[in-house]
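Structure file protein_27.pdb (PDB, C-alpha atoms, pLDDT in the B column) is printed below.
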ATOM      1  CA  MET A1148     -32.052  -9.699  22.150  1.00 60.00           C
ATOM      2  CA  LEU A1149     -35.159  -7.577  22.689  1.00 77.00           C
ATOM      3  CA  LYS A1150     -37.490  -7.356  19.740  1.00 91.00           C
ATOM      4  CA  LYS A1151     -37.666  -3.859  18.266  1.00 97.00           C
ATOM      5  CA  ARG A1152     -40.881  -1.850  18.499  1.00 98.00           C
ATOM      6  CA  ILE A1153     -42.565   0.308  15.859  1.00 98.00           C
ATOM      7  CA  ILE A1154     -44.529   3.107  17.518  1.00 98.00           C
ATOM      8  CA  PRO A1155     -46.814   5.615  15.788  1.00 97.00           C
ATOM      9  CA  CYS A1156     -47.257   8.945  17.577  1.00 94.00           C
ATOM     10  CA  LEU A1157     -50.402  11.043  17.779  1.00 93.00           C
ATOM     11  CA  ASP A1158     -49.459  14.675  18.405  1.00 88.00           C
ATOM     12  CA  ILE A1159     -52.720  16.262  19.547  1.00 87.00           C
ATOM     13  CA  ASP A1160     -53.797  19.894  19.283  1.00 83.00           C
ATOM     14  CA  ASN A1161     -57.417  20.934  19.899  1.00 77.00           C
ATOM     15  CA  GLY A1162     -58.534  17.319  19.732  1.00 81.00           C
ATOM     16  CA  ARG A1163     -57.017  16.654  16.298  1.00 83.00           C
ATOM     17  CA  THR A1164     -53.868  14.816  15.239  1.00 84.00           C
ATOM     18  CA  VAL A1165     -51.325  17.298  13.865  1.00 85.00           C
ATOM     19  CA  LYS A1166     -47.759  17.236  12.544  1.00 69.00           C
ATOM     20  CA  GLY A1167     -45.089  19.873  11.970  1.00 65.00           C
ATOM     21  CA  ILE A1168     -41.425  20.185  11.048  1.00 71.00           C
ATOM     22  CA  ASN A1169     -38.876  21.065  13.760  1.00 65.00           C
ATOM     23  CA  PHE A1170     -41.874  21.558  16.111  1.00 56.00           C
ATOM     24  CA  VAL A1171     -43.409  24.347  13.933  1.00 60.00           C
ATOM     25  CA  GLY A1172     -45.548  24.606  10.769  1.00 57.00           C
ATOM     26  CA  ILE A1173     -48.283  22.458  12.291  1.00 66.00           C
ATOM     27  CA  ARG A1174     -50.848  20.925   9.920  1.00 68.00           C
ATOM     28  CA  ASP A1175     -53.852  18.667  10.423  1.00 75.00           C
ATOM     29  CA  ALA A1176     -53.233  14.928  10.107  1.00 76.00           C
ATOM     30  CA  GLY A1177     -56.615  13.426  10.924  1.00 81.00           C
ATOM     31  CA  ASP A1178     -58.942  12.116  13.593  1.00 90.00           C
ATOM     32  CA  PRO A1179     -56.958  10.549  16.471  1.00 92.00           C
ATOM     33  CA  ILE A1180     -59.507   7.830  17.216  1.00 95.00           C
ATOM     34  CA  GLU A1181     -59.638   6.669  13.592  1.00 94.00           C
ATOM     35  CA  LEU A1182     -55.838   6.742  13.332  1.00 95.00           C
ATOM     36  CA  ALA A1183     -55.442   4.801  16.577  1.00 96.00           C
ATOM     37  CA  LYS A1184     -57.792   2.072  15.341  1.00 97.00           C
ATOM     38  CA  ARG A1185     -55.954   1.910  12.027  1.00 96.00           C
ATOM     39  CA  TYR A1186     -52.588   1.476  13.737  1.00 96.00           C
ATOM     40  CA  VAL A1187     -53.863  -1.399  15.848  1.00 97.00           C
ATOM     41  CA  ASP A1188     -55.162  -3.091  12.686  1.00 97.00           C
ATOM     42  CA  GLU A1189     -51.806  -2.532  10.949  1.00 97.00           C
ATOM     43  CA  GLY A1190     -49.811  -4.159  13.747  1.00 97.00           C
ATOM     44  CA  ALA A1191     -48.284  -1.220  15.612  1.00 98.00           C
ATOM     45  CA  ASP A1192     -46.535  -2.400  18.780  1.00 98.00           C
ATOM     46  CA  GLU A1193     -47.473   0.590  20.921  1.00 98.00           C
ATOM     47  CA  LEU A1194     -49.138   3.976  20.553  1.00 98.00           C
ATOM     48  CA  VAL A1195     -48.006   7.328  21.937  1.00 97.00           C
ATOM     49  CA  PHE A1196     -50.420  10.250  22.488  1.00 94.00           C
ATOM     50  CA  LEU A1197     -48.831  13.654  23.153  1.00 89.00           C
ATOM     51  CA  ASP A1198     -51.014  16.665  23.905  1.00 86.00           C
ATOM     52  CA  ILE A1199     -48.456  19.082  22.451  1.00 69.00           C
ATOM     53  CA  THR A1200     -49.926  22.355  23.716  1.00 69.00           C
ATOM     54  CA  ALA A1201     -51.054  21.300  27.220  1.00 66.00           C
ATOM     55  CA  THR A1202     -47.855  22.473  28.935  1.00 61.00           C
ATOM     56  CA  VAL A1203     -47.627  25.781  27.063  1.00 58.00           C
ATOM     57  CA  GLU A1204     -51.334  26.493  27.640  1.00 61.00           C
ATOM     58  CA  GLU A1205     -50.961  25.412  31.291  1.00 57.00           C
ATOM     59  CA  ARG A1206     -53.829  22.947  31.192  1.00 56.00           C
ATOM     60  CA  LYS A1207     -54.369  19.257  31.781  1.00 64.00           C
ATOM     61  CA  THR A1208     -54.104  16.569  29.121  1.00 63.00           C
ATOM     62  CA  LEU A1209     -57.338  15.779  27.264  1.00 80.00           C
ATOM     63  CA  SER A1210     -58.400  12.846  29.462  1.00 87.00           C
ATOM     64  CA  LYS A1211     -61.793  12.355  27.763  1.00 89.00           C
ATOM     65  CA  LEU A1212     -60.077  11.841  24.404  1.00 91.00           C
ATOM     66  CA  VAL A1213     -57.574   9.484  26.048  1.00 93.00           C
ATOM     67  CA  GLU A1214     -60.506   7.477  27.409  1.00 94.00           C
ATOM     68  CA  LYS A1215     -62.159   7.233  23.978  1.00 94.00           C
ATOM     69  CA  ILE A1216     -58.944   6.069  22.315  1.00 95.00           C
ATOM     70  CA  SER A1217     -58.112   3.556  25.050  1.00 96.00           C
ATOM     71  CA  LYS A1218     -61.470   1.839  24.524  1.00 96.00           C
ATOM     72  CA  GLU A1219     -60.643   1.286  20.853  1.00 95.00           C
ATOM     73  CA  ILE A1220     -57.138  -0.177  21.177  1.00 97.00           C
ATOM     74  CA  ASN A1221     -55.470  -3.216  22.734  1.00 96.00           C
ATOM     75  CA  ILE A1222     -51.778  -2.261  22.536  1.00 97.00           C
ATOM     76  CA  PRO A1223     -49.660  -0.404  25.131  1.00 97.00           C
ATOM     77  CA  PHE A1224     -50.732   3.239  25.233  1.00 97.00           C
ATOM     78  CA  THR A1225     -48.440   6.046  26.432  1.00 97.00           C
ATOM     79  CA  VAL A1226     -49.945   9.469  27.155  1.00 96.00           C
ATOM     80  CA  GLY A1227     -48.127  12.749  27.772  1.00 94.00           C
ATOM     81  CA  GLY A1228     -48.633  16.492  27.865  1.00 89.00           C
ATOM     82  CA  GLY A1229     -49.236  18.778  30.816  1.00 86.00           C
ATOM     83  CA  ILE A1230     -48.563  16.148  33.504  1.00 93.00           C
ATOM     84  CA  LYS A1231     -47.170  17.936  36.561  1.00 93.00           C
ATOM     85  CA  SER A1232     -48.174  15.762  39.480  1.00 95.00           C
ATOM     86  CA  LEU A1233     -48.986  12.254  40.663  1.00 96.00           C
ATOM     87  CA  GLU A1234     -52.691  13.155  40.550  1.00 95.00           C
ATOM     88  CA  ASP A1235     -52.412  14.222  36.888  1.00 94.00           C
ATOM     89  CA  ALA A1236     -50.754  10.882  36.107  1.00 96.00           C
ATOM     90  CA  LYS A1237     -53.340   8.840  38.009  1.00 96.00           C
ATOM     91  CA  LEU A1238     -56.161  10.596  36.158  1.00 94.00           C
ATOM     92  CA  LEU A1239     -54.700   9.447  32.835  1.00 95.00           C
ATOM     93  CA  ILE A1240     -54.050   5.914  34.067  1.00 96.00           C
ATOM     94  CA  ARG A1241     -57.709   5.784  35.123  1.00 95.00           C
ATOM     95  CA  ALA A1242     -58.663   7.084  31.644  1.00 94.00           C
ATOM     96  CA  GLY A1243     -56.878   4.098  30.092  1.00 96.00           C
ATOM     97  CA  ALA A1244     -53.217   5.030  29.649  1.00 97.00           C
ATOM     98  CA  ASP A1245     -50.790   2.165  30.270  1.00 98.00           C
ATOM     99  CA  LYS A1246     -47.808   4.515  30.609  1.00 98.00           C
ATOM    100  CA  ILE A1247     -47.490   8.226  31.177  1.00 97.00           C
ATOM    101  CA  SER A1248     -44.899  10.527  29.660  1.00 97.00           C
ATOM    102  CA  VAL A1249     -43.464  13.606  31.349  1.00 96.00           C
ATOM    103  CA  ASN A1250     -41.086  16.144  29.870  1.00 94.00           C
ATOM    104  CA  SER A1251     -40.966  19.833  30.876  1.00 92.00           C
ATOM    105  CA  ALA A1252     -42.326  19.184  34.377  1.00 95.00           C
ATOM    106  CA  ALA A1253     -39.514  16.701  35.054  1.00 96.00           C
ATOM    107  CA  VAL A1254     -36.910  19.278  34.054  1.00 97.00           C
ATOM    108  CA  SER A1255     -38.537  21.815  36.383  1.00 94.00           C
ATOM    109  CA  ARG A1256     -38.732  19.290  39.238  1.00 95.00           C
ATOM    110  CA  PRO A1257     -36.673  16.113  38.687  1.00 95.00           C
ATOM    111  CA  LEU A1258     -38.053  14.469  41.849  1.00 96.00           C
ATOM    112  CA  LEU A1259     -41.397  14.197  40.048  1.00 97.00           C
ATOM    113  CA  VAL A1260     -39.973  11.212  38.147  1.00 98.00           C
ATOM    114  CA  LYS A1261     -39.049   9.424  41.380  1.00 97.00           C
ATOM    115  CA  GLU A1262     -42.465  10.153  42.900  1.00 97.00           C
ATOM    116  CA  LEU A1263     -44.234   8.748  39.855  1.00 98.00           C
ATOM    117  CA  ALA A1264     -41.978   5.683  39.659  1.00 98.00           C
ATOM    118  CA  ASP A1265     -42.348   4.942  43.384  1.00 98.00           C
ATOM    119  CA  GLU A1266     -46.142   5.121  43.206  1.00 97.00           C
ATOM    120  CA  LEU A1267     -46.927   3.703  39.757  1.00 97.00           C
ATOM    121  CA  GLY A1268     -43.849   1.588  39.018  1.00 97.00           C
ATOM    122  CA  SER A1269     -40.984   2.387  36.675  1.00 97.00           C
ATOM    123  CA  GLN A1270     -42.622   0.378  33.903  1.00 97.00           C
ATOM    124  CA  CYS A1271     -45.312   3.081  33.700  1.00 97.00           C
ATOM    125  CA  ILE A1272     -42.956   6.054  33.457  1.00 98.00           C
ATOM    126  CA  VAL A1273     -41.655   7.308  30.121  1.00 98.00           C
ATOM    127  CA  VAL A1274     -39.642  10.508  30.217  1.00 98.00           C
ATOM    128  CA  ALA A1275     -39.546  12.431  26.952  1.00 97.00           C
ATOM    129  CA  ILE A1276     -36.356  14.296  26.165  1.00 97.00           C
ATOM    130  CA  ASP A1277     -36.571  16.855  23.378  1.00 95.00           C
ATOM    131  CA  THR A1278     -33.030  17.709  22.367  1.00 97.00           C
ATOM    132  CA  LYS A1279     -31.495  20.249  20.018  1.00 96.00           C
ATOM    133  CA  LEU A1280     -27.955  20.657  18.708  1.00 93.00           C
ATOM    134  CA  ILE A1281     -26.807  24.016  20.130  1.00 92.00           C
ATOM    135  CA  ASP A1282     -23.154  25.095  19.811  1.00 91.00           C
ATOM    136  CA  LYS A1283     -22.219  21.515  18.886  1.00 92.00           C
ATOM    137  CA  GLN A1284     -23.827  20.111  22.039  1.00 95.00           C
ATOM    138  CA  TRP A1285     -27.107  18.241  22.352  1.00 97.00           C
ATOM    139  CA  LYS A1286     -29.056  20.334  24.869  1.00 97.00           C
ATOM    140  CA  VAL A1287     -32.470  19.659  26.397  1.00 97.00           C
ATOM    141  CA  VAL A1288     -35.306  21.907  25.201  1.00 95.00           C
ATOM    142  CA  ILE A1289     -38.677  22.190  26.936  1.00 92.00           C
ATOM    143  CA  HIS A1290     -42.130  23.756  26.485  1.00 87.00           C
ATOM    144  CA  GLY A1291     -42.595  22.139  23.077  1.00 79.00           C
ATOM    145  CA  GLY A1292     -39.181  23.266  21.879  1.00 79.00           C
ATOM    146  CA  ARG A1293     -39.753  26.885  22.833  1.00 86.00           C
ATOM    147  CA  THR A1294     -37.297  27.044  25.761  1.00 91.00           C
ATOM    148  CA  GLU A1295     -33.625  26.047  25.618  1.00 93.00           C
ATOM    149  CA  THR A1296     -31.899  24.793  28.771  1.00 94.00           C
ATOM    150  CA  ASP A1297     -28.260  24.257  29.747  1.00 93.00           C
ATOM    151  CA  LEU A1298     -28.905  20.576  30.443  1.00 97.00           C
ATOM    152  CA  LEU A1299     -26.965  18.157  28.270  1.00 97.00           C
ATOM    153  CA  ALA A1300     -29.254  15.433  26.941  1.00 98.00           C
ATOM    154  CA  ILE A1301     -26.872  12.634  27.830  1.00 98.00           C
ATOM    155  CA  ASN A1302     -26.453  13.819  31.452  1.00 98.00           C
ATOM    156  CA  TRP A1303     -30.187  14.317  31.834  1.00 98.00           C
ATOM    157  CA  ALA A1304     -30.886  10.807  30.534  1.00 98.00           C
ATOM    158  CA  GLN A1305     -28.509   9.345  33.124  1.00 98.00           C
ATOM    159  CA  GLN A1306     -30.203  11.336  35.884  1.00 97.00           C
ATOM    160  CA  LEU A1307     -33.615  10.111  34.788  1.00 98.00           C
ATOM    161  CA  ALA A1308     -32.513   6.489  34.872  1.00 97.00           C
ATOM    162  CA  GLN A1309     -31.304   7.012  38.449  1.00 97.00           C
ATOM    163  CA  HIS A1310     -34.641   8.593  39.414  1.00 97.00           C
ATOM    164  CA  GLY A1311     -36.528   5.505  38.228  1.00 97.00           C
ATOM    165  CA  ALA A1312     -37.656   6.323  34.694  1.00 98.00           C
ATOM    166  CA  GLY A1313     -38.605   3.116  32.919  1.00 97.00           C
ATOM    167  CA  GLU A1314     -37.988   4.380  29.418  1.00 97.00           C
ATOM    168  CA  ILE A1315     -36.802   7.456  27.518  1.00 98.00           C
ATOM    169  CA  LEU A1316     -38.454   8.900  24.433  1.00 98.00           C
ATOM    170  CA  LEU A1317     -35.622  10.789  22.750  1.00 98.00           C
ATOM    171  CA  THR A1318     -36.637  13.298  20.084  1.00 95.00           C
ATOM    172  CA  SER A1319     -34.170  15.265  17.987  1.00 94.00           C
ATOM    173  CA  MET A1320     -35.726  18.653  17.350  1.00 91.00           C
ATOM    174  CA  ASN A1321     -33.281  19.176  14.458  1.00 89.00           C
ATOM    175  CA  SER A1322     -34.556  16.036  12.733  1.00 89.00           C
ATOM    176  CA  ASP A1323     -38.262  16.278  13.659  1.00 83.00           C
ATOM    177  CA  GLY A1324     -40.492  16.116  10.589  1.00 79.00           C
ATOM    178  CA  THR A1325     -37.596  16.424   8.143  1.00 84.00           C
ATOM    179  CA  LYS A1326     -37.743  12.784   6.963  1.00 90.00           C
ATOM    180  CA  ASN A1327     -33.942  12.851   6.659  1.00 94.00           C
ATOM    181  CA  GLY A1328     -33.371  10.085   9.202  1.00 96.00           C
ATOM    182  CA  PHE A1329     -33.056   9.753  12.962  1.00 97.00           C
ATOM    183  CA  ALA A1330     -30.271  11.596  14.817  1.00 97.00           C
ATOM    184  CA  LEU A1331     -28.041   8.545  15.124  1.00 97.00           C
ATOM    185  CA  ASP A1332     -25.233  10.259  17.048  1.00 97.00           C
ATOM    186  CA  ILE A1333     -27.196  11.415  20.096  1.00 98.00           C
ATOM    187  CA  THR A1334     -29.399   8.297  20.021  1.00 98.00           C
ATOM    188  CA  LYS A1335     -26.287   6.138  20.126  1.00 98.00           C
ATOM    189  CA  GLN A1336     -24.694   8.195  22.905  1.00 97.00           C
ATOM    190  CA  VAL A1337     -27.761   8.074  25.131  1.00 98.00           C
ATOM    191  CA  SER A1338     -28.600   4.418  24.482  1.00 97.00           C
ATOM    192  CA  ASN A1339     -25.009   3.438  25.298  1.00 97.00           C
ATOM    193  CA  LYS A1340     -25.035   5.353  28.581  1.00 96.00           C
ATOM    194  CA  VAL A1341     -28.281   4.184  30.172  1.00 97.00           C
ATOM    195  CA  ASN A1342     -29.613   0.708  30.781  1.00 95.00           C
ATOM    196  CA  ILE A1343     -33.287   1.503  30.200  1.00 97.00           C
ATOM    197  CA  PRO A1344     -35.058   1.291  26.831  1.00 97.00           C
ATOM    198  CA  ILE A1345     -34.688   4.218  24.430  1.00 98.00           C
ATOM    199  CA  ILE A1346     -37.298   5.119  21.826  1.00 98.00           C
ATOM    200  CA  ALA A1347     -35.752   7.062  18.934  1.00 98.00           C
ATOM    201  CA  SER A1348     -37.914   9.854  17.567  1.00 96.00           C
ATOM    202  CA  GLY A1349     -37.632  12.545  14.921  1.00 94.00           C
ATOM    203  CA  GLY A1350     -36.690  12.250  11.276  1.00 94.00           C
ATOM    204  CA  ALA A1351     -38.104   8.952   9.996  1.00 95.00           C
ATOM    205  CA  GLY A1352     -38.687   9.171   6.269  1.00 95.00           C
ATOM    206  CA  ASN A1353     -38.275   5.653   4.875  1.00 97.00           C
ATOM    207  CA  PRO A1354     -37.688   2.056   6.007  1.00 97.00           C
ATOM    208  CA  LYS A1355     -33.913   2.450   5.689  1.00 98.00           C
ATOM    209  CA  HIS A1356     -33.963   5.045   8.481  1.00 98.00           C
ATOM    210  CA  PHE A1357     -35.507   2.492  10.849  1.00 98.00           C
ATOM    211  CA  GLU A1358     -32.916  -0.071   9.828  1.00 98.00           C
ATOM    212  CA  GLU A1359     -30.120   2.453  10.511  1.00 98.00           C
ATOM    213  CA  VAL A1360     -31.347   3.425  13.964  1.00 98.00           C
ATOM    214  CA  PHE A1361     -31.787  -0.205  15.021  1.00 98.00           C
ATOM    215  CA  THR A1362     -28.450  -1.276  13.544  1.00 97.00           C
ATOM    216  CA  ASN A1363     -26.291   1.654  14.689  1.00 97.00           C
ATOM    217  CA  THR A1364     -27.764   2.366  18.129  1.00 97.00           C
ATOM    218  CA  ARG A1365     -29.186   0.394  21.032  1.00 97.00           C
ATOM    219  CA  ALA A1366     -32.642   1.976  20.648  1.00 98.00           C
ATOM    220  CA  SER A1367     -35.326  -0.607  21.321  1.00 97.00           C
ATOM    221  CA  GLY A1368     -38.125   1.350  19.679  1.00 98.00           C
ATOM    222  CA  ALA A1369     -38.569   3.843  16.870  1.00 98.00           C
ATOM    223  CA  LEU A1370     -41.367   6.370  16.774  1.00 97.00           C
ATOM    224  CA  ALA A1371     -42.782   8.147  13.733  1.00 95.00           C
ATOM    225  CA  ALA A1372     -45.805  10.224  12.866  1.00 91.00           C
ATOM    226  CA  SER A1373     -46.337  11.812   9.442  1.00 88.00           C
ATOM    227  CA  ILE A1374     -45.033   8.891   7.374  1.00 94.00           C
ATOM    228  CA  PHE A1375     -47.688   6.708   9.000  1.00 95.00           C
ATOM    229  CA  HIS A1376     -50.484   9.315   9.172  1.00 90.00           C
ATOM    230  CA  PHE A1377     -50.224  10.173   5.474  1.00 90.00           C
ATOM    231  CA  ASN A1378     -49.737   6.554   4.329  1.00 92.00           C
ATOM    232  CA  GLU A1379     -46.196   7.092   3.056  1.00 94.00           C
ATOM    233  CA  ILE A1380     -45.149   3.816   4.701  1.00 94.00           C
ATOM    234  CA  SER A1381     -47.461   1.176   6.091  1.00 96.00           C
ATOM    235  CA  ILE A1382     -46.475  -0.592   9.288  1.00 97.00           C
ATOM    236  CA  PRO A1383     -46.757  -4.098   7.727  1.00 97.00           C
ATOM    237  CA  THR A1384     -44.478  -3.029   4.846  1.00 97.00           C
ATOM    238  CA  LEU A1385     -41.973  -1.545   7.298  1.00 98.00           C
ATOM    239  CA  LYS A1386     -41.941  -4.647   9.493  1.00 97.00           C
ATOM    240  CA  LYS A1387     -41.479  -6.902   6.477  1.00 97.00           C
ATOM    241  CA  TYR A1388     -38.542  -4.760   5.309  1.00 97.00           C
ATOM    242  CA  LEU A1389     -36.897  -4.920   8.754  1.00 97.00           C
ATOM    243  CA  ALA A1390     -37.388  -8.683   8.974  1.00 96.00           C
ATOM    244  CA  ASN A1391     -35.653  -8.999   5.610  1.00 97.00           C
ATOM    245  CA  GLN A1392     -32.695  -7.087   7.099  1.00 96.00           C
ATOM    246  CA  ASN A1393     -32.570  -9.625   9.961  1.00 95.00           C
ATOM    247  CA  ILE A1394     -33.903  -7.089  12.468  1.00 96.00           C
ATOM    248  CA  THR A1395     -36.296  -8.814  14.854  1.00 91.00           C
ATOM    249  CA  VAL A1396     -39.484  -6.837  15.354  1.00 92.00           C
ATOM    250  CA  ARG A1397     -42.483  -7.674  17.478  1.00 86.00           C
TER     251      ARG A1397
END

This entry written out as structure tokens:
Amino acid sequence: MLKKRIIPCLDIDNGRTVKGINFVGIRDAGDPIELAKRYVDEGADELVFLDITATVEERKTLSKLVEKISKEINIPFTVGGGIKSLEDAKLLIRAGADKISVNSAAVSRPLLVKELADELGSQCIVVAIDTKLIDKQWKVVIHGGRTETDLLAINWAQQLAQHGAGEILLTSMNSDGTKNGFALDITKQVSNKVNIPIIASGGAGNPKHFEEVFTNTRASGALAASIFHFNEISIPTLKKYLANQNITVR
């Protein structure tokens, strides 16, 4: 059985780490370089960096900041935001990213995922799916949650696996920032339908939520932001709790 991964997320806006609820109400959460260093010291398994306004503002991801963070950490580093082409991805790999994450651009042009996987290897390609419960169906939303699509999250995940995605970062927009727990239903559906790793995201509020997502779904990783940024849960405390529940973590 694969060991489960605990993954802090740095949502970046104007060079600062920020956090909102349901993708709105953004507030400052600290310096990304200092947070990244702290998470390495605490035993995080990976780190995700998402430039949350790059796509909406139609600009590239902050590669200089990516470079600074990558020099300070020694754990797998996923970077996303504003990546629309192979060249964009290569720029971030050169800046120190181990994996790149695409979202809206993949919805606009699904072949982008295949191009990236063919050139960089599937192990480098994380596709983020932001999903929202609309009319009792989990639909894909893009542009930082601003644009709803008719794509069903589960169908899109299956397509991505066929195109060569190495991993899916699945975020429930309904749960994001609420601290009421991960969206177990859609996480379970997606993780049962694809044979690539799923990272659950959105809604972590306490250690029990991590236990639930690892026990009730096939997610191999769980991502959280504010509970780590604001020291509501420390990563060592969380890992100790999970180990006590017989959940094997890295």

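Selection check: the PyMOL selection byres ((chain A and resi 1267) around 10) on the shown file gives Leu1233, Ala1236, Lys1237, Ile1240, Lys1246, Ile1247, Lys1261, Glu1262, Leu1263, Ala1264, Asp1265, Glu1266, Gly1268, Ser1269, Gln1270, Cys1271 and Ile1272 of chain A.
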
With C-alpha atoms retained, export the selected residues as a tab-separated table (two decimals), keeping the file's coordinate frame.
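Result written to selection_22.tsv:
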chain	number	residue	atom	x	y	z
A	1233	LEU	CA	-48.99	12.25	40.66
A	1236	ALA	CA	-50.75	10.88	36.11
A	1237	LYS	CA	-53.34	8.84	38.01
A	1240	ILE	CA	-54.05	5.91	34.07
A	1246	LYS	CA	-47.81	4.51	30.61
A	1247	ILE	CA	-47.49	8.23	31.18
A	1261	LYS	CA	-39.05	9.42	41.38
A	1262	GLU	CA	-42.46	10.15	42.90
A	1263	LEU	CA	-44.23	8.75	39.85
A	1264	ALA	CA	-41.98	5.68	39.66
A	1265	ASP	CA	-42.35	4.94	43.38
A	1266	GLU	CA	-46.14	5.12	43.21
A	1268	GLY	CA	-43.85	1.59	39.02
A	1269	SER	CA	-40.98	2.39	36.67
A	1270	GLN	CA	-42.62	0.38	33.90
A	1271	CYS	CA	-45.31	3.08	33.70
A	1272	ILE	CA	-42.96	6.05	33.46

Practice problem: Could you check which of A:Asn1250, A:Thr1395, A:Ser1322, A:Asn1221 is closest to A:Gly1349, using all atoms listed in the file? | Solution: A:Ser1322

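Among the candidate residues A:Leu1259, A:Ile1394, A:Ile1380, A:Leu1149, the one lying nearest to A:Tyr1186 is A:Ile1380, with distances computed using only C-alpha atoms.
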
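Picture a line from atom CA of A:Phe1375 to atom CA of A:Pro1223; it runs 17.7 Å.
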
Quiz item: If the PyMOL selection byres ((chain A and resi 1151) around 7) is run on the structure shown, which residues does it catch, given as a PyMOL selection string?
Solution: chain A and resi 1149-1150+1152-1153+1367-1368+1395-1397

Quiz item: How many Å lie between atom CA of A:Ala1366 and atom CA of A:Leu1182, rounded to one decimal?
Solution: 24.8 Å

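Here the question is which of A:Ala1244, A:Val1165, A:Glu1359, A:Ala1308 gets nearest to A:Ile1222 using all atoms listed in the file, and that residue is A:Ala1244.
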
Report as an mmCIF file with C-alpha atoms, in the frame of the given file all protein, DNA and RNA residues lying within 10 Å of stretch 1208-1220 of chain A, evaluated on only C-alpha atoms, omitting residues in the same chain fewer than 5 positions from it.
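result05.cif written:
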data_model
loop_
_atom_site.group_PDB
_atom_site.id
_atom_site.type_symbol
_atom_site.label_atom_id
_atom_site.label_comp_id
_atom_site.auth_asym_id
_atom_site.auth_seq_id
_atom_site.Cartn_x
_atom_site.Cartn_y
_atom_site.Cartn_z
ATOM 1 C CA ILE A 1159 -52.720 16.262 19.547
ATOM 2 C CA ASP A 1160 -53.797 19.894 19.283
ATOM 3 C CA ASN A 1161 -57.417 20.934 19.899
ATOM 4 C CA GLY A 1162 -58.534 17.319 19.732
ATOM 5 C CA ARG A 1163 -57.017 16.654 16.298
ATOM 6 C CA PRO A 1179 -56.958 10.549 16.471
ATOM 7 C CA ILE A 1180 -59.507 7.830 17.216
ATOM 8 C CA GLU A 1181 -59.638 6.669 13.592
ATOM 9 C CA LEU A 1182 -55.838 6.742 13.332
ATOM 10 C CA ALA A 1183 -55.442 4.801 16.577
ATOM 11 C CA LYS A 1184 -57.792 2.072 15.341
ATOM 12 C CA ARG A 1185 -55.954 1.910 12.027
ATOM 13 C CA TYR A 1186 -52.588 1.476 13.737
ATOM 14 C CA VAL A 1187 -53.863 -1.399 15.848
ATOM 15 C CA ASP A 1188 -55.162 -3.091 12.686
ATOM 16 C CA GLU A 1193 -47.473 0.590 20.921
ATOM 17 C CA LEU A 1194 -49.138 3.976 20.553
ATOM 18 C CA PHE A 1196 -50.420 10.250 22.488
ATOM 19 C CA LEU A 1197 -48.831 13.654 23.153
ATOM 20 C CA ASP A 1198 -51.014 16.665 23.905
ATOM 21 C CA ILE A 1199 -48.456 19.082 22.451
ATOM 22 C CA THR A 1200 -49.926 22.355 23.716
ATOM 23 C CA ALA A 1201 -51.054 21.300 27.220
ATOM 24 C CA THR A 1202 -47.855 22.473 28.935
ATOM 25 C CA THR A 1225 -48.440 6.046 26.432
ATOM 26 C CA VAL A 1226 -49.945 9.469 27.155
ATOM 27 C CA GLY A 1227 -48.127 12.749 27.772
ATOM 28 C CA GLY A 1228 -48.633 16.492 27.865
ATOM 29 C CA GLY A 1229 -49.236 18.778 30.816
ATOM 30 C CA ILE A 1230 -48.563 16.148 33.504
ATOM 31 C CA ASP A 1235 -52.412 14.222 36.888
ATOM 32 C CA ALA A 1236 -50.754 10.882 36.107
ATOM 33 C CA LEU A 1238 -56.161 10.596 36.158
ATOM 34 C CA LEU A 1239 -54.700 9.447 32.835
ATOM 35 C CA ILE A 1240 -54.050 5.914 34.067
ATOM 36 C CA ARG A 1241 -57.709 5.784 35.123
ATOM 37 C CA ALA A 1242 -58.663 7.084 31.644
ATOM 38 C CA GLY A 1243 -56.878 4.098 30.092
ATOM 39 C CA ALA A 1244 -53.217 5.030 29.649
ATOM 40 C CA ASP A 1245 -50.790 2.165 30.270
#

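In this structure, atom CA of A:Pro1155 sits 12.1 Å away from atom CA of A:Leu1385.
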
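The nearest approach to A:Asn1321 among the residues A:Arg1293, A:Lys1279, A:Lys1286, A:His1376, with all atoms listed in the file taken into account, belongs to A:Lys1279.
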
Exercise. Let me know the residues the PyMOL selection byres ((chain A and resi 1275) around 7) catches in the file above, as a list of chain:residue names.
Key: A:Ser1248, A:Val1249, A:Asn1250, A:Val1273, A:Val1274, A:Ile1276, A:Asp1277, A:Ile1315, A:Leu1316, A:Leu1317

Please produce a file of those selected residues containing C-alpha atoms, as a tab-separated table (two decimals), in the coordinates of the input.
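File produced: out.tsv:
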chain	number	residue	atom	x	y	z
A	1248	SER	CA	-44.90	10.53	29.66
A	1249	VAL	CA	-43.46	13.61	31.35
A	1250	ASN	CA	-41.09	16.14	29.87
A	1273	VAL	CA	-41.66	7.31	30.12
A	1274	VAL	CA	-39.64	10.51	30.22
A	1276	ILE	CA	-36.36	14.30	26.16
A	1277	ASP	CA	-36.57	16.86	23.38
A	1315	ILE	CA	-36.80	7.46	27.52
A	1316	LEU	CA	-38.45	8.90	24.43
A	1317	LEU	CA	-35.62	10.79	22.75
